[in-house]
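Peer 1: Coordinates in model.tsv, TSV, C-alpha atoms, are listed below.
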```
chain	number	residue	atom	x	y	z
A	1	MET	CA	-0.27	-33.50	25.99
A	2	PRO	CA	2.84	-31.67	27.16
A	3	GLN	CA	2.26	-28.26	28.59
A	4	SER	CA	3.64	-25.31	26.68
A	5	THR	CA	5.41	-22.56	28.57
A	6	THR	CA	5.14	-20.09	25.73
A	7	SER	CA	3.33	-16.84	26.32
A	8	GLY	CA	0.62	-17.45	23.74
A	9	PRO	CA	-2.33	-15.21	22.98
A	10	THR	CA	-5.30	-15.02	25.32
A	11	GLY	CA	-7.89	-13.77	22.86
A	12	PRO	CA	-8.52	-13.07	19.21
A	13	VAL	CA	-7.02	-9.58	19.40
A	14	ALA	CA	-3.94	-10.45	21.46
A	15	PRO	CA	-1.88	-11.95	18.59
A	16	VAL	CA	-2.09	-8.67	16.73
A	17	VAL	CA	-1.75	-6.30	19.66
A	18	LEU	CA	1.18	-7.95	21.46
A	19	PRO	CA	3.77	-7.70	18.63
A	20	VAL	CA	2.74	-4.13	17.87
A	21	LEU	CA	3.02	-3.11	21.54
A	22	SER	CA	6.38	-4.85	21.90
A	23	LEU	CA	7.64	-2.96	18.86
A	24	VAL	CA	6.50	0.38	20.27
A	25	PHE	CA	7.95	-0.22	23.75
A	26	SER	CA	11.26	-1.46	22.44
A	27	ILE	CA	11.75	1.45	20.06
A	28	ALA	CA	10.94	3.73	23.00
A	29	GLY	CA	14.04	2.38	24.76
A	30	CYS	CA	12.53	-0.03	27.27
A	31	GLN	CA	15.16	-2.75	26.75
A	32	SER	CA	17.79	-3.64	29.38
A	33	GLY	CA	21.07	-1.72	29.66
A	34	ALA	CA	24.77	-2.73	29.67
A	35	PRO	CA	26.07	-5.46	32.02
A	36	SER	CA	27.83	-4.44	35.26
A	37	ALA	CA	31.63	-4.75	35.77
A	38	ALA	CA	31.10	-7.73	38.10
A	39	SER	CA	29.01	-9.59	35.57
A	40	MET	CA	31.58	-8.84	32.83
A	41	VAL	CA	34.28	-10.53	34.96
A	42	ASP	CA	31.89	-13.45	35.43
A	43	GLN	CA	31.44	-13.66	31.64
A	44	GLY	CA	35.08	-14.72	31.20
A	45	ARG	CA	34.88	-17.54	33.75
A	46	PRO	CA	34.65	-21.03	32.22
A	47	LEU	CA	31.75	-23.22	33.27
A	48	THR	CA	32.69	-26.06	35.62
A	49	GLY	CA	30.13	-28.85	35.29
A	50	ALA	CA	29.58	-31.61	32.75
A	51	SER	CA	26.45	-29.92	31.51
A	52	ALA	CA	24.67	-26.56	31.44
A	53	THR	CA	21.27	-25.21	30.50
A	54	LEU	CA	20.74	-22.01	28.54
A	55	VAL	CA	17.41	-20.24	28.87
A	56	VAL	CA	16.75	-18.58	25.51
A	57	GLN	CA	13.94	-16.45	24.12
A	58	GLY	CA	12.62	-16.03	20.59
A	59	LEU	CA	13.28	-19.56	19.31
A	60	SER	CA	10.26	-19.25	16.96
A	61	CYS	CA	9.97	-22.85	15.75
A	62	PRO	CA	11.86	-26.18	15.83
A	63	LEU	CA	13.70	-25.55	12.59
A	64	CYS	CA	14.50	-21.92	13.32
A	65	ALA	CA	16.03	-23.23	16.53
A	66	THR	CA	18.38	-25.31	14.39
A	67	ASN	CA	20.38	-22.10	14.06
A	68	ILE	CA	21.23	-22.17	17.77
A	69	ASP	CA	21.85	-25.90	17.85
A	70	LYS	CA	24.43	-25.69	15.07
A	71	THR	CA	26.14	-22.55	16.36
A	72	LEU	CA	26.48	-23.79	19.94
A	73	THR	CA	28.07	-27.08	18.91
A	74	ARG	CA	30.78	-25.04	17.15
A	75	VAL	CA	31.81	-23.46	20.49
A	76	PRO	CA	34.94	-25.20	21.83
A	77	GLY	CA	33.98	-27.37	24.78
A	78	VAL	CA	30.36	-27.97	23.72
A	79	GLN	CA	29.85	-31.59	22.72
A	80	ALA	CA	26.09	-31.58	22.14
A	81	ALA	CA	23.11	-29.24	22.29
A	82	ALA	CA	19.45	-30.24	22.65
A	83	VAL	CA	16.68	-27.66	22.22
A	84	ASP	CA	13.46	-27.88	24.25
A	85	LEU	CA	11.02	-25.41	22.70
A	86	SER	CA	8.37	-25.97	25.37
A	87	ARG	CA	10.66	-24.45	28.01
A	88	GLY	CA	12.88	-22.28	25.84
A	89	GLU	CA	15.89	-24.23	27.06
A	90	VAL	CA	19.02	-25.52	25.35
A	91	ARG	CA	20.71	-28.32	27.28
A	92	LEU	CA	24.46	-28.53	26.66
A	93	THR	CA	26.75	-31.49	27.17
A	94	LEU	CA	30.25	-30.17	27.89
A	95	ALA	CA	33.61	-31.77	27.16
A	96	PRO	CA	35.55	-33.01	30.20
A	97	ASP	CA	38.81	-31.28	29.29
A	98	ARG	CA	37.65	-27.92	27.90
A	99	LYS	CA	34.78	-25.78	29.21
A	100	PRO	CA	33.26	-22.81	27.37
A	101	THR	CA	32.99	-19.43	29.06
A	102	ARG	CA	29.70	-17.64	29.59
A	103	ALA	CA	30.83	-15.00	27.11
A	104	GLU	CA	31.44	-17.61	24.41
A	105	LEU	CA	27.98	-19.09	24.94
A	106	ALA	CA	26.34	-15.65	25.01
A	107	LYS	CA	28.04	-14.74	21.71
A	108	ALA	CA	26.90	-18.00	20.08
A	109	VAL	CA	23.29	-17.34	21.10
A	110	ARG	CA	23.54	-13.76	19.80
A	111	ASP	CA	25.10	-14.92	16.50
A	112	SER	CA	22.18	-17.34	16.11
A	113	GLY	CA	19.71	-14.47	16.30
A	114	PHE	CA	18.16	-15.18	19.72
A	115	THR	CA	18.18	-13.69	23.23
A	116	LEU	CA	19.96	-15.36	26.14
A	117	SER	CA	18.28	-14.72	29.48
A	118	GLU	CA	20.08	-17.16	31.81
A	119	ILE	CA	22.82	-19.79	32.05
A	120	ARG	CA	22.16	-22.52	34.63
A	121	GLU	CA	24.81	-24.89	35.94
A	122	PRO	CA	23.85	-28.05	37.85
B	1	MET	CA	17.55	-25.65	-18.94
B	2	SER	CA	15.71	-28.95	-19.22
B	3	ALA	CA	13.39	-30.63	-16.73
B	4	ARG	CA	16.15	-33.16	-16.07
B	5	HIS	CA	18.53	-30.37	-14.99
B	6	LEU	CA	15.88	-28.94	-12.66
B	7	LEU	CA	15.30	-32.32	-11.00
B	8	ALA	CA	19.04	-32.89	-10.68
B	9	SER	CA	19.39	-29.54	-8.97
B	10	PHE	CA	16.67	-30.43	-6.44
B	11	ALA	CA	18.25	-33.81	-5.77
B	12	GLY	CA	21.71	-32.30	-5.40
B	13	ALA	CA	20.51	-29.90	-2.75
B	14	ALA	CA	18.82	-32.72	-0.86
B	15	VAL	CA	22.06	-34.64	-0.63
B	16	PHE	CA	24.19	-31.95	0.97
B	17	ALA	CA	21.54	-30.18	3.01
B	18	GLY	CA	21.19	-30.86	6.70
B	19	THR	CA	18.22	-29.18	8.29
B	20	ALA	CA	15.70	-26.55	7.38
B	21	LEU	CA	14.66	-23.05	8.31
B	22	ALA	CA	11.00	-22.25	8.35
B	23	GLN	CA	8.19	-20.23	9.95
B	24	GLU	CA	8.38	-17.93	6.96
B	25	ALA	CA	5.58	-17.26	4.50
B	26	ILE	CA	5.87	-18.61	0.97
B	27	THR	CA	6.22	-15.39	-1.06
B	28	SER	CA	6.53	-12.57	1.50
B	29	PRO	CA	10.05	-11.79	2.69
B	30	ALA	CA	10.62	-12.31	6.43
B	31	ALA	CA	12.82	-10.65	9.04
B	32	THR	CA	14.49	-13.99	9.72
B	33	GLN	CA	17.91	-15.12	8.55
B	34	PRO	CA	20.53	-17.87	8.90
B	35	ALA	CA	22.92	-17.69	11.86
B	36	LEU	CA	26.49	-16.46	11.41
B	37	GLY	CA	28.26	-18.94	9.14
B	38	ALA	CA	25.11	-20.91	8.29
B	39	PHE	CA	23.54	-21.18	4.82
B	40	LYS	CA	19.90	-21.38	3.84
B	41	LEU	CA	18.81	-22.63	0.43
B	42	ASN	CA	15.22	-21.98	-0.65
B	43	GLN	CA	14.18	-23.70	-3.89
B	44	LYS	CA	10.86	-22.82	-5.47
B	45	LEU	CA	9.01	-23.97	-8.53
B	46	ILE	CA	6.53	-21.28	-9.59
B	47	TRP	CA	4.02	-21.77	-12.40
B	48	GLU	CA	2.08	-18.73	-13.51
B	49	ARG	CA	-0.68	-18.37	-16.11
B	50	ARG	CA	-1.48	-14.94	-17.50
B	51	GLY	CA	-4.28	-14.04	-19.92
B	52	SER	CA	-7.19	-11.66	-20.57
B	53	ASP	CA	-4.70	-9.36	-22.27
B	54	PRO	CA	-6.48	-6.03	-22.88
B	55	SER	CA	-3.87	-4.99	-25.46
B	56	PRO	CA	-4.40	-5.73	-29.19
B	57	HIS	CA	-1.89	-8.60	-28.92
B	58	ASP	CA	-4.33	-10.66	-26.80
B	59	ARG	CA	-1.46	-12.69	-25.39
B	60	LYS	CA	-1.68	-15.71	-23.13
B	61	VAL	CA	1.46	-16.51	-21.16
B	62	ASP	CA	2.51	-19.62	-19.27
B	63	ARG	CA	5.63	-19.13	-17.18
B	64	LEU	CA	7.53	-21.74	-15.17
B	65	GLU	CA	10.23	-20.39	-12.89
B	66	PHE	CA	12.74	-22.40	-10.87
B	67	GLU	CA	14.02	-20.00	-8.27
B	68	GLN	CA	17.00	-20.83	-6.08
B	69	THR	CA	17.86	-18.46	-3.25
B	70	LEU	CA	21.00	-18.96	-1.20
B	71	ALA	CA	21.34	-16.90	1.98
B	72	THR	CA	24.14	-16.79	4.52
B	73	GLY	CA	24.57	-15.09	7.89
B	74	LEU	CA	27.36	-12.50	7.88
B	75	SER	CA	26.83	-11.66	11.57
B	76	GLY	CA	24.14	-12.17	14.17
B	77	ASN	CA	21.88	-9.63	12.50
B	78	VAL	CA	23.18	-9.21	8.93
B	79	SER	CA	22.78	-11.68	6.08
B	80	ALA	CA	23.31	-11.72	2.32
B	81	GLU	CA	20.97	-13.39	-0.16
B	82	PHE	CA	21.59	-14.36	-3.80
B	83	LYS	CA	18.61	-15.31	-5.97
B	84	LEU	CA	18.99	-17.20	-9.24
B	85	PRO	CA	15.77	-17.55	-11.29
B	86	ILE	CA	15.67	-19.97	-14.23
B	87	VAL	CA	12.66	-19.43	-16.46
B	88	TRP	CA	10.69	-21.12	-19.24
B	89	GLN	CA	7.99	-18.97	-20.81
B	90	GLY	CA	5.50	-19.77	-23.56
B	91	THR	CA	3.40	-17.11	-25.28
B	92	ARG	CA	0.37	-17.45	-27.53
B	93	ALA	CA	-0.93	-14.36	-29.30
B	94	ALA	CA	-3.93	-13.63	-31.50
B	95	HIS	CA	-2.07	-12.45	-34.59
B	96	ARG	CA	1.39	-13.93	-34.08
B	97	PRO	CA	2.74	-17.47	-34.02
B	98	SER	CA	3.27	-19.01	-30.60
B	99	ASP	CA	6.76	-18.78	-29.19
B	100	SER	CA	8.67	-19.87	-26.13
B	101	ASP	CA	11.91	-18.91	-24.43
B	102	SER	CA	13.97	-20.35	-21.63
B	103	GLY	CA	17.00	-19.16	-19.76
B	104	LEU	CA	18.27	-17.21	-16.81
B	105	SER	CA	16.32	-14.22	-15.55
B	106	ASP	CA	18.30	-11.43	-13.86
B	107	PRO	CA	19.70	-12.68	-10.54
B	108	SER	CA	19.49	-10.46	-7.47
B	109	LEU	CA	21.73	-9.76	-4.50
B	110	VAL	CA	20.15	-8.48	-1.27
B	111	VAL	CA	21.67	-7.61	2.09
B	112	LYS	CA	19.34	-7.93	5.07
B	113	TRP	CA	20.01	-6.05	8.31
B	114	ARG	CA	17.84	-6.95	11.29
B	115	PHE	CA	18.00	-3.66	13.17
B	116	TRP	CA	15.32	-4.34	15.76
B	117	GLN	CA	14.37	-7.46	17.69
B	118	ASN	CA	12.25	-8.17	20.76
B	119	ASP	CA	12.19	-11.76	22.03
B	120	SER	CA	9.42	-11.88	24.63
B	121	GLY	CA	9.04	-15.61	25.31
B	122	ALA	CA	10.48	-19.04	24.60
B	123	VAL	CA	9.27	-18.93	21.01
B	124	ASP	CA	7.68	-15.48	20.85
B	125	THR	CA	9.55	-12.85	18.90
B	126	ALA	CA	9.13	-9.70	16.83
B	127	ARG	CA	11.77	-8.58	14.33
B	128	LEU	CA	12.26	-5.81	11.80
B	129	SER	CA	14.79	-5.88	8.95
B	130	LEU	CA	16.02	-3.48	6.30
B	131	LEU	CA	16.53	-4.93	2.82
B	132	VAL	CA	18.93	-3.32	0.34
B	133	GLY	CA	19.94	-4.88	-2.94
B	134	THR	CA	19.94	-4.88	-6.71
B	135	ASP	CA	19.01	-6.99	-9.70
B	136	LEU	CA	22.11	-7.92	-11.70
B	137	PRO	CA	22.10	-7.71	-15.53
B	138	LEU	CA	23.29	-11.29	-15.99
B	139	GLY	CA	20.16	-12.90	-17.42
B	140	THR	CA	19.68	-14.22	-20.93
B	141	LYS	CA	18.38	-11.78	-23.55
B	142	ALA	CA	14.72	-12.81	-23.36
B	143	PHE	CA	14.49	-12.25	-19.59
B	144	SER	CA	16.97	-9.48	-18.80
B	145	ASN	CA	16.62	-5.71	-19.02
B	146	ARG	CA	20.43	-5.39	-19.28
B	147	SER	CA	20.60	-3.01	-16.35
B	148	PHE	CA	21.10	-2.83	-12.58
B	149	ASP	CA	17.79	-2.27	-10.77
B	150	PRO	CA	18.46	-1.28	-7.14
B	151	GLY	CA	15.83	-1.79	-4.47
B	152	VAL	CA	15.14	-1.07	-0.82
B	153	GLY	CA	12.58	-2.47	1.61
B	154	LEU	CA	11.46	-3.36	5.11
B	155	ALA	CA	10.32	-6.73	6.46
B	156	PHE	CA	8.55	-7.35	9.76
B	157	THR	CA	8.00	-10.74	11.39
B	158	ALA	CA	6.22	-11.54	14.66
B	159	ILE	CA	5.55	-14.92	16.29
B	160	SER	CA	3.10	-15.12	19.17
B	161	GLY	CA	2.14	-18.60	20.32
B	162	ARG	CA	0.54	-20.41	17.39
B	163	HIS	CA	0.28	-17.24	15.31
B	164	GLY	CA	2.83	-15.76	12.95
B	165	PHE	CA	2.54	-12.39	11.22
B	166	GLY	CA	4.56	-10.86	8.43
B	167	ALA	CA	4.53	-7.59	6.54
B	168	ALA	CA	6.94	-6.31	3.93
B	169	ALA	CA	7.31	-3.37	1.58
B	170	ARG	CA	9.90	-3.32	-1.20
B	171	TYR	CA	10.56	-0.65	-3.82
B	172	THR	CA	12.54	-1.36	-6.98
B	173	PHE	CA	14.02	1.49	-9.01
B	174	THR	CA	13.70	0.19	-12.55
B	175	THR	CA	16.44	1.69	-14.72
B	176	ARG	CA	15.55	0.11	-18.07
B	177	ALA	CA	12.52	-1.58	-19.61
B	178	LYS	CA	12.54	-5.10	-21.02
B	179	SER	CA	12.03	-5.30	-24.76
B	180	ASP	CA	8.78	-7.28	-24.58
B	181	ALA	CA	7.14	-6.54	-21.21
B	182	LYS	CA	4.59	-9.15	-20.18
B	183	MET	CA	4.74	-8.99	-16.37
B	184	LEU	CA	4.43	-6.20	-13.82
B	185	GLY	CA	7.84	-4.69	-13.17
B	186	GLU	CA	9.11	-5.21	-16.70
B	187	THR	CA	8.40	-1.70	-18.00
B	188	LEU	CA	10.47	1.37	-17.09
B	189	ALA	CA	8.08	2.17	-14.22
B	190	ASP	CA	9.34	1.59	-10.68
B	191	LEU	CA	7.74	-1.28	-8.79
B	192	LEU	CA	6.34	-1.30	-5.25
B	193	ARG	CA	5.72	-4.72	-3.73
B	194	LEU	CA	3.57	-4.97	-0.60
B	195	ASP	CA	3.18	-8.31	1.15
B	196	GLY	CA	1.21	-9.38	4.20
B	197	SER	CA	1.14	-12.85	5.70
B	198	TYR	CA	-0.40	-14.85	8.50
B	199	LEU	CA	0.68	-18.32	9.62
B	200	TYR	CA	-1.34	-20.48	11.99
B	201	ARG	CA	0.30	-23.51	13.56
B	202	LEU	CA	-2.17	-26.33	13.00
B	203	SER	CA	-0.09	-28.97	14.73
B	204	PRO	CA	1.27	-29.48	17.33
B	205	GLU	CA	-1.07	-27.51	19.56
B	206	ALA	CA	1.80	-26.96	22.02
B	207	TRP	CA	5.53	-27.51	21.66
B	208	SER	CA	7.17	-30.31	23.61
B	209	ALA	CA	10.73	-31.51	24.07
B	210	ASP	CA	9.97	-34.26	21.54
B	211	THR	CA	8.45	-32.10	18.77
B	212	THR	CA	9.89	-33.15	15.42
B	213	ALA	CA	7.43	-31.67	12.92
B	214	ALA	CA	4.82	-28.96	12.57
B	215	TRP	CA	2.08	-28.00	10.11
B	216	TYR	CA	1.14	-24.39	9.36
B	217	LEU	CA	-1.74	-22.86	7.47
B	218	VAL	CA	-0.50	-19.88	5.46
B	219	GLY	CA	-2.44	-16.90	4.16
B	220	GLU	CA	-0.78	-14.17	2.11
B	221	VAL	CA	-1.74	-11.02	0.26
B	222	ASN	CA	0.78	-10.03	-2.40
B	223	ALA	CA	0.41	-6.68	-4.15
B	224	ARG	CA	2.51	-5.44	-7.08
B	225	ILE	CA	2.09	-1.78	-7.96
B	226	GLU	CA	3.88	0.09	-10.74
B	227	THR	CA	4.34	3.85	-10.53
B	228	THR	CA	2.15	4.09	-13.65
B	229	GLY	CA	-0.77	2.91	-11.49
B	230	MET	CA	-0.90	-0.58	-12.98
B	231	HIS	CA	-1.32	-3.07	-10.16
B	232	GLU	CA	-2.22	-6.63	-9.23
B	233	VAL	CA	-3.22	-8.06	-5.87
B	234	LEU	CA	-3.10	-11.80	-5.28
B	235	LEU	CA	-4.51	-13.77	-2.38
B	236	GLN	CA	-2.36	-16.81	-1.67
B	237	PRO	CA	-3.53	-19.54	0.69
B	238	GLY	CA	-1.00	-22.27	1.34
B	239	ILE	CA	0.37	-24.89	3.63
B	240	LEU	CA	3.79	-25.30	5.21
B	241	TYR	CA	5.25	-28.46	6.69
B	242	GLU	CA	8.36	-28.56	8.85
B	243	ALA	CA	10.20	-31.77	9.59
B	244	THR	CA	13.51	-32.14	11.35
B	245	ARG	CA	15.53	-32.15	8.13
B	246	PHE	CA	13.47	-30.12	5.67
B	247	ALA	CA	10.53	-27.80	5.22
B	248	ALA	CA	8.10	-27.91	2.30
B	249	GLU	CA	5.57	-25.33	1.16
B	250	LEU	CA	2.69	-25.20	-1.30
B	251	GLY	CA	0.70	-22.10	-2.24
B	252	VAL	CA	-2.02	-21.08	-4.72
B	253	GLY	CA	-2.10	-17.45	-5.85
B	254	LEU	CA	-5.49	-16.11	-6.94
B	255	PRO	CA	-5.94	-12.62	-8.38
B	256	VAL	CA	-8.42	-10.55	-6.38
B	257	LEU	CA	-7.75	-7.07	-7.71
B	258	HIS	CA	-6.01	-5.78	-10.82
B	259	ARG	CA	-5.62	-2.89	-13.18
B	260	VAL	CA	-3.35	-3.87	-16.01
B	261	ASP	CA	-4.15	-2.23	-19.34
B	262	ASP	CA	-1.26	-3.18	-21.59
B	263	ARG	CA	-0.18	-6.68	-20.58
B	264	PRO	CA	-1.75	-10.06	-19.82
B	265	ARG	CA	-3.22	-10.32	-16.33
B	266	ALA	CA	-2.38	-12.92	-13.70
B	267	LYS	CA	-4.92	-15.76	-13.73
B	268	LEU	CA	-3.33	-18.35	-11.45
B	269	VAL	CA	0.00	-18.87	-9.67
B	270	LEU	CA	1.09	-22.18	-8.13
B	271	THR	CA	4.15	-22.29	-5.90
B	272	ALA	CA	5.90	-25.35	-4.46
B	273	GLY	CA	9.11	-25.03	-2.52
B	274	VAL	CA	11.60	-26.59	-0.14
B	275	ARG	CA	13.99	-24.95	2.34
B	276	TRP	CA	17.26	-26.26	3.69
B	277	LEU	CA	19.70	-25.01	6.29
B	278	PHE	CA	23.26	-26.28	6.31
```
Would it be possible to restate this file's structure as structure tokens?
Peer 2:
Amino acid sequence: MPQSTTSGPTGPVAPVVLPVLSLVFSIAGCQSGAPSAASMVDQGRPLTGASATLVVQGLSCPLCATNIDKTLTRVPGVQAAAVDLSRGEVRLTLAPDRKPTRAELAKAVRDSGFTLSEIREP
Amino acid sequence: MSARHLLASFAGAAVFAGTALAQEAITSPAATQPALGAFKLNQKLIWERRGSDPSPHDRKVDRLEFEQTLATGLSGNVSAEFKLPIVWQGTRAAHRPSDSDSGLSDPSLVVKWRFWQNDSGAVDTARLSLLVGTDLPLGTKAFSNRSFDPGVGLAFTAISGRHGFGAAARYTFTTRAKSDAKMLGETLADLLRLDGSYLYRLSPEAWSADTTAAWYLVGEVNARIETTGMHEVLLQPGILYEATRFAAELGVGLPVLHRVDDRPRAKLVLTAGVRWLF
């Protein structure tokens, strides 16, 4: 049986308490702020490798994750996208002649309704 | 609208549809939506039996509704949803001959704005959406109140591991009564709809890179309350199956609480549906 990396509940009360607490903390303004100037410059830089891995949160279920699969393959330079729900990862195969920028990938994840936490290059 | 047209409509959707969108309860609205530029089609067949009419008419109603809802993402957190209900309804009364009608019930247009979201894990998420919309007076005479009925609501969805939670409240400002009201929401009274849902992922126990399908047990409570005080509360157990190219749902609505003094009361509601994303 593959091991799940999701942060599942630890008791009968946890499934109810966790979403409520996350709602309260987020409304209270506990979410991260704007990106720095250095990271904004980095956002416009095209990726360089033949593949990349996006670490994404909030994928919900295999078919909800179809949203991100379809949106990412519309980004110029992305040839294929494979979602691994157990790790919250989307593995991208990139075209040899055109590479997407980090900003383009971040926008595609946002437009799909999910949260991008990291882009990994091999 | 004949049964042949209904089947053709189902088959037509199956041909052009690609994949599905799920992890939503059967009747309760969810704070989920298609991505920007994507479309979601939800097709439901709903059969409802009403009886025990406390009014002198002593009516018994059988209603079959084929509901098609097309939603599209307008941005990452805004979507629009158009619902088209096609209805057949048969009525038997104590002192009147039986009659039946079929046609289009009033369609509705709803804009959903997901104004809050907290993704806390690979699949874990909590979302809150505002719903604003209106019924459109485009239905056939037997099923339309010939008036715009605006509505507003909130929908909350949370996924935590194998558990999914949903809660929604919607308020419809009814601007005109239907000529022969048989259901809640058909008189001039405004209608408050309160929905709660719980989904438990039966299988798989844990996601893997090779997961291609999932089964969910669904439990819903659906309350309809008119501003006159008339109300009905239904408990709806159900099951939801997700495959890689479609999702299918089946639910049974059982009345657990009601106070309806002038119309037939809900006895049983059966819902079968499919969802597609393309």
Peer 1: So, with all atoms listed in the file as the atoms that count, which of B:Thr174, B:Ala167, B:Ser100, B:His231 lies closest to Gly219 in chain B?
Peer 2: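 With all atoms listed in the file as the atom set, the closest residue is B:Ala167.
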Peer 1: Could you please determine the separation between CA of Ala80 in chain B and CA of Leu250 in chain B in Å, to one decimal place?
Peer 2: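 It comes out at 24.9 Å.
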Peer 1: Compare A:Ser117, A:Thr101, A:Gln43, A:Ser60 by their minimum atom-to-atom distance to chain B, counting only C-alpha atoms, and give me the closest one.
Peer 2: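 The answer is A:Ser60, which sits nearest to chain B.
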Peer 1: Closest to chain B among A:Arg74, A:Arg98, A:Arg45, A:Arg87, using all atoms listed in the file?
Peer 2: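 Using all atoms listed in the file, chain B sits closest to A:Arg87.
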Peer 1: If the cut-off is 9 Å, can you tell me the residues of chain B near chain A, counting only C-alpha atoms? I'd like them as a PDB file with C-alpha atoms, keeping the file's coordinate frame.
Peer 2:
```pdb
ATOM      1  CA  THR B  19      18.220 -29.180   8.290  1.00  0.00           C
ATOM      2  CA  ALA B  20      15.700 -26.550   7.380  1.00  0.00           C
ATOM      3  CA  LEU B  21      14.660 -23.050   8.310  1.00  0.00           C
ATOM      4  CA  ALA B  22      11.000 -22.250   8.350  1.00  0.00           C
ATOM      5  CA  GLN B  23       8.190 -20.230   9.950  1.00  0.00           C
ATOM      6  CA  THR B  32      14.490 -13.990   9.720  1.00  0.00           C
ATOM      7  CA  GLN B  33      17.910 -15.120   8.550  1.00  0.00           C
ATOM      8  CA  PRO B  34      20.530 -17.870   8.900  1.00  0.00           C
ATOM      9  CA  ALA B  35      22.920 -17.690  11.860  1.00  0.00           C
ATOM     10  CA  LEU B  36      26.490 -16.460  11.410  1.00  0.00           C
ATOM     11  CA  GLY B  37      28.260 -18.940   9.140  1.00  0.00           C
ATOM     12  CA  ALA B  38      25.110 -20.910   8.290  1.00  0.00           C
ATOM     13  CA  GLY B  73      24.570 -15.090   7.890  1.00  0.00           C
ATOM     14  CA  SER B  75      26.830 -11.660  11.570  1.00  0.00           C
ATOM     15  CA  GLY B  76      24.140 -12.170  14.170  1.00  0.00           C
ATOM     16  CA  ASN B  77      21.880  -9.630  12.500  1.00  0.00           C
ATOM     17  CA  TRP B 116      15.320  -4.340  15.760  1.00  0.00           C
ATOM     18  CA  GLN B 117      14.370  -7.460  17.690  1.00  0.00           C
ATOM     19  CA  ASN B 118      12.250  -8.170  20.760  1.00  0.00           C
ATOM     20  CA  ASP B 119      12.190 -11.760  22.030  1.00  0.00           C
ATOM     21  CA  SER B 120       9.420 -11.880  24.630  1.00  0.00           C
ATOM     22  CA  GLY B 121       9.040 -15.610  25.310  1.00  0.00           C
ATOM     23  CA  ALA B 122      10.480 -19.040  24.600  1.00  0.00           C
ATOM     24  CA  VAL B 123       9.270 -18.930  21.010  1.00  0.00           C
ATOM     25  CA  ASP B 124       7.680 -15.480  20.850  1.00  0.00           C
ATOM     26  CA  THR B 125       9.550 -12.850  18.900  1.00  0.00           C
ATOM     27  CA  ALA B 126       9.130  -9.700  16.830  1.00  0.00           C
ATOM     28  CA  ARG B 127      11.770  -8.580  14.330  1.00  0.00           C
ATOM     29  CA  LEU B 128      12.260  -5.810  11.800  1.00  0.00           C
ATOM     30  CA  THR B 157       8.000 -10.740  11.390  1.00  0.00           C
ATOM     31  CA  ALA B 158       6.220 -11.540  14.660  1.00  0.00           C
ATOM     32  CA  ILE B 159       5.550 -14.920  16.290  1.00  0.00           C
ATOM     33  CA  SER B 160       3.100 -15.120  19.170  1.00  0.00           C
ATOM     34  CA  GLY B 161       2.140 -18.600  20.320  1.00  0.00           C
ATOM     35  CA  ARG B 162       0.540 -20.410  17.390  1.00  0.00           C
ATOM     36  CA  HIS B 163       0.280 -17.240  15.310  1.00  0.00           C
ATOM     37  CA  GLY B 164       2.830 -15.760  12.950  1.00  0.00           C
ATOM     38  CA  PHE B 165       2.540 -12.390  11.220  1.00  0.00           C
ATOM     39  CA  GLU B 205      -1.070 -27.510  19.560  1.00  0.00           C
ATOM     40  CA  ALA B 206       1.800 -26.960  22.020  1.00  0.00           C
ATOM     41  CA  TRP B 207       5.530 -27.510  21.660  1.00  0.00           C
ATOM     42  CA  SER B 208       7.170 -30.310  23.610  1.00  0.00           C
ATOM     43  CA  ALA B 209      10.730 -31.510  24.070  1.00  0.00           C
ATOM     44  CA  ASP B 210       9.970 -34.260  21.540  1.00  0.00           C
ATOM     45  CA  THR B 211       8.450 -32.100  18.770  1.00  0.00           C
ATOM     46  CA  THR B 212       9.890 -33.150  15.420  1.00  0.00           C
ATOM     47  CA  ALA B 213       7.430 -31.670  12.920  1.00  0.00           C
ATOM     48  CA  ALA B 214       4.820 -28.960  12.570  1.00  0.00           C
ATOM     49  CA  GLU B 242       8.360 -28.560   8.850  1.00  0.00           C
ATOM     50  CA  ALA B 243      10.200 -31.770   9.590  1.00  0.00           C
ATOM     51  CA  THR B 244      13.510 -32.140  11.350  1.00  0.00           C
ATOM     52  CA  ARG B 245      15.530 -32.150   8.130  1.00  0.00           C
ATOM     53  CA  PHE B 246      13.470 -30.120   5.670  1.00  0.00           C
ATOM     54  CA  ALA B 247      10.530 -27.800   5.220  1.00  0.00           C
ATOM     55  CA  LEU B 277      19.700 -25.010   6.290  1.00  0.00           C
ATOM     56  CA  PHE B 278      23.260 -26.280   6.310  1.00  0.00           C
TER      57      PHE B 278
END
```
Peer 1: Just want the 8 Å neighbourhood of range 41-43 of chain B, counted on all atoms listed in the file, with same-chain residues fewer than 4 positions away dropped. Output as a list of chain:residue names.
Peer 2: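 My reading of the contact set: B:Phe10, B:Phe66, B:Glu67, B:Gln68, B:Thr69, B:Leu70, B:Ala71, B:Gly273, B:Val274, B:Arg275, B:Trp276, B:Leu277.
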Peer 1: I'd like the neighbourhood of Phe148 in chain B as a PyMOL selection string, where a residue qualifies if any of its atoms comes within 6 Å (using only C-alpha atoms), though same-chain residues fewer than 2 positions away should be ignored.
Peer 2: chain B and resi 135-137
Peer 1: For the selection you just gave me, I'd like the residues written to a file as a compact mmCIF listing (two decimals), in the frame of the given file, keeping C-alpha atoms.
Peer 2:
```txt
# COMPACT_ATOMS: atom_id res chain seq x y z
CA ASP B 135 19.01 -6.99 -9.70
CA LEU B 136 22.11 -7.92 -11.70
CA PRO B 137 22.10 -7.71 -15.53
```
